[in-house]
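> Take this structure, written in structure tokens, and hold onto it; I'll ask about it next.
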Amino acid sequence: MTPGLERAKARVDELRAQIAHHDHRYHVLDAPEISDADYDKLFQELVKLEREHPELVTADSPTQKVGGAPSQLFAPVRHSQRLLSLDNVFDDESLDDWWGRVVKGLGREPALVCEPKIDGLSVAVVYEKGRLTRGATRGDGAVGEDVTQNVATLRTLPHRLAAKGKELPTWLEVRGEVFLFKKDFADINAKLDEAGKATFSNPRNAAAGALRQKDAGITRERPLAIYLHGLVRSDGVGFKRYSEALLYLSSIGLPVHPLSATVEGLDAVKAFVRDMRDKRHTLDHEIDGVVIKVDEIGAQEELGSTAKAPRWAVAYKLPPEQATTTLRDIQVSIGRSGVATPFAMLEPVFVGGVTIQTATLHNEDEVARKGVLIGDTVIVQRAGDVIPEVVGPVVERRTGAERPFVMPSACPVCASELVRHPGESARRCENLECPAQTWGRIVHFASRGAMDIEHLGEVTSRELIDLGLVKDPGDIFDLDAEKIGRLPNFKAKSIQNLLAAIDGARSRPLDKLLVALGIRHVGVTAAQALASHFGSIGAIAAASVEELTQTEGMGETIARSVHEYFRRPATAELLEKLRQGGVALDVVKQKATGHLSGMTFVITGTLESMSREKAQEALEERGGKVTSSVSKKTSYVIVGAEPGSKYDKAQKLGVPILDEAGFLMLLEG
Ligand code: IVH
């Protein structure tokens, strides 16, 4: 053996041992120690090494087999056909490679089916003469566990199929994915939390725990769901296409994924993947990718399978939203309202499509509730736009060197006492002049969703405060070229830019100003309601709590908070400074009266000139409303490149369709 090969072999052995260990934790004990993403990384490294050194491939390598061994808890069930896994791709290039192999194998481009990939548990389900007779887990692919009693608790899986006069197959064997809807997962965790028990870090672990309960009564309390994604055997009924089989399964009462779709060509597949990436957080269950399958069953057979996965299907994985990393330290930051928030300093880790090194821990009770110790291996999560958070510790990884976090009693910035009022979970720095608070207020005031002052970000705000030029947001409008010129790095051009941006903020609509003030409990919605109800800051400031509650959607809590805010002497001072600084205090946003008011729009496909969010904003600014589904009442469907099914629906219903050019003209009126 060459030294290179020897090194590769040592690493391959190490990877196989690690993968075997994690397979056991995941498949048999339902207690994974690392995230799927970290597991994928180990696995991909092994795949790569074996590809570079084919002589190292062995029959028992994890790359050659599926899943883990069945546990001893349930009776073993031999599957009539192995339950295979799927090969993964993580980007368009590898998808192209897969497609290349398919097209080469068949000598033509076959039609495809795309469907969301749910990260749940594979099961095999058998109906004999229309009656549910067996449910089994995947196990090692060949032999699974008999979980019929538990599968029978799945509410959407009928015990008897709907024949509706048709002949039912004498033997029907289907496969599907058992999972939990997000809402049910949250309910389960809330109940566990209330009972003081450890919560599940994600829906998959919760579903796995429920499916493999010895007591089906417990499974019943966990509302598991299932979507079918495979037909193995259907005696007496035959299909040419997978999509046909899905329609049939649905017609006899079996649950198939509503977003499963047939597509032609790889561009349409990529559009489907993009669409799922966008929709990911609005779906009622979590997805970890898209599964792409050759539709024609004859073509599937022609392509065949490897020992582990079919060649006719592939999983396009979306970026993982959970990962494990080391919690280096817990520090405390002071927000604009003085709230002290503990946050995690992490070993940098790639999650949710970005590298993170900090994550919030909310408050001291949360740190205790999650049971994380400094030095722990932790699971972190970053889902969409939600700020990264620590889910919990991986207790098995503890070495004994971890230590508990103690909430400081003094503000880390101004050293005044951190006070916790009875009934509140937060500790606060009550020094209104605390530089951390001033900074937070300025940064918030100037931010995008508030007064939107470009060039006044975190760094510049800090410098202005440090030089004593700005003590509250009102001082921003007293800045001039001379003052700004004192900041490091500000030259003639950048001074002009900042001054112009500040000037632009003088005429922001009232709702933006209300958001910018950072009144407790007042977010975008409440600010818009207040602005359109009262029309000026003066009127809001003068209103009683009672009058404030007359505003649409305004409850007691918000009304009280607004009332209290405008009774503070500091508020009066700030408003006076803003007035003198030329800031408009009583403009009402001309929202509902734009030229598109009363019209509803649906956007589908990718627009070239702007993102969907921007397009929505542009329509709303002009009074239009944007909804997600097409109906007869829709005024226009705006169609970008590679539109989805909404386009077809619009054509069916005869709803007017606008292409991008038409849309831009409409915006201009
Ligand atoms: S088809 C022979 N379709 O993902 C093809 N699997 O990572 C095997 N999964 O073992 C599976 N959604 O448990 C298929 N729409 C879907 C799926 C899906 C989730 C799971 C399944 C599979 C695993 C592979």
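Each chain of the structure tokens is named A, B, ... in the order shown, its residues numbered from 1; ligands are numbered from 1 in display order.
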May I ask you to write as a PyMOL selection string all residues lying at most 9 Å from ligand 1, with only C-alpha atoms and all ligand atoms counted?
chain A and resi 66-67+82-88+114-123+138+175-178+227-230+257+260+287-293+305+309-315
> Just the residues within 10 Å of Thr325 of chain A, please, counting only C-alpha atoms, with nothing from its chain fewer than 4 positions along; format it as a list in words.
Ile34, Ser35, Asp38, Leu346, Glu347, Pro348, Val349, Phe350, Gln357, Gly375, Asp376, Thr377, Val378, Ile379, Val380, Val390, Pro393 and Val394 of chain A
> Which residue is closest to Met1 of chain A? Choose from A:Cys414, A:Glu364, A:Lys614, A:Glu55 and count only C-alpha atoms.
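Checking each of A:Cys414, A:Glu364, A:Lys614, A:Glu55 against Met1 of chain A, counting only C-alpha atoms, the winner is A:Glu55.
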> Within 9 Å of Val524 of chain A, counting only C-alpha atoms, which residues qualify if same-chain residues fewer than 6 places away don't, as a VMD selection string?
chain A and resid 449 to 450 511 to 512 514 to 515
> Could you please determine the separation between atom CA of Glu396 of chain A and atom CA of Lys197 of chain A in Å, to one decimal place?
17.0 Å
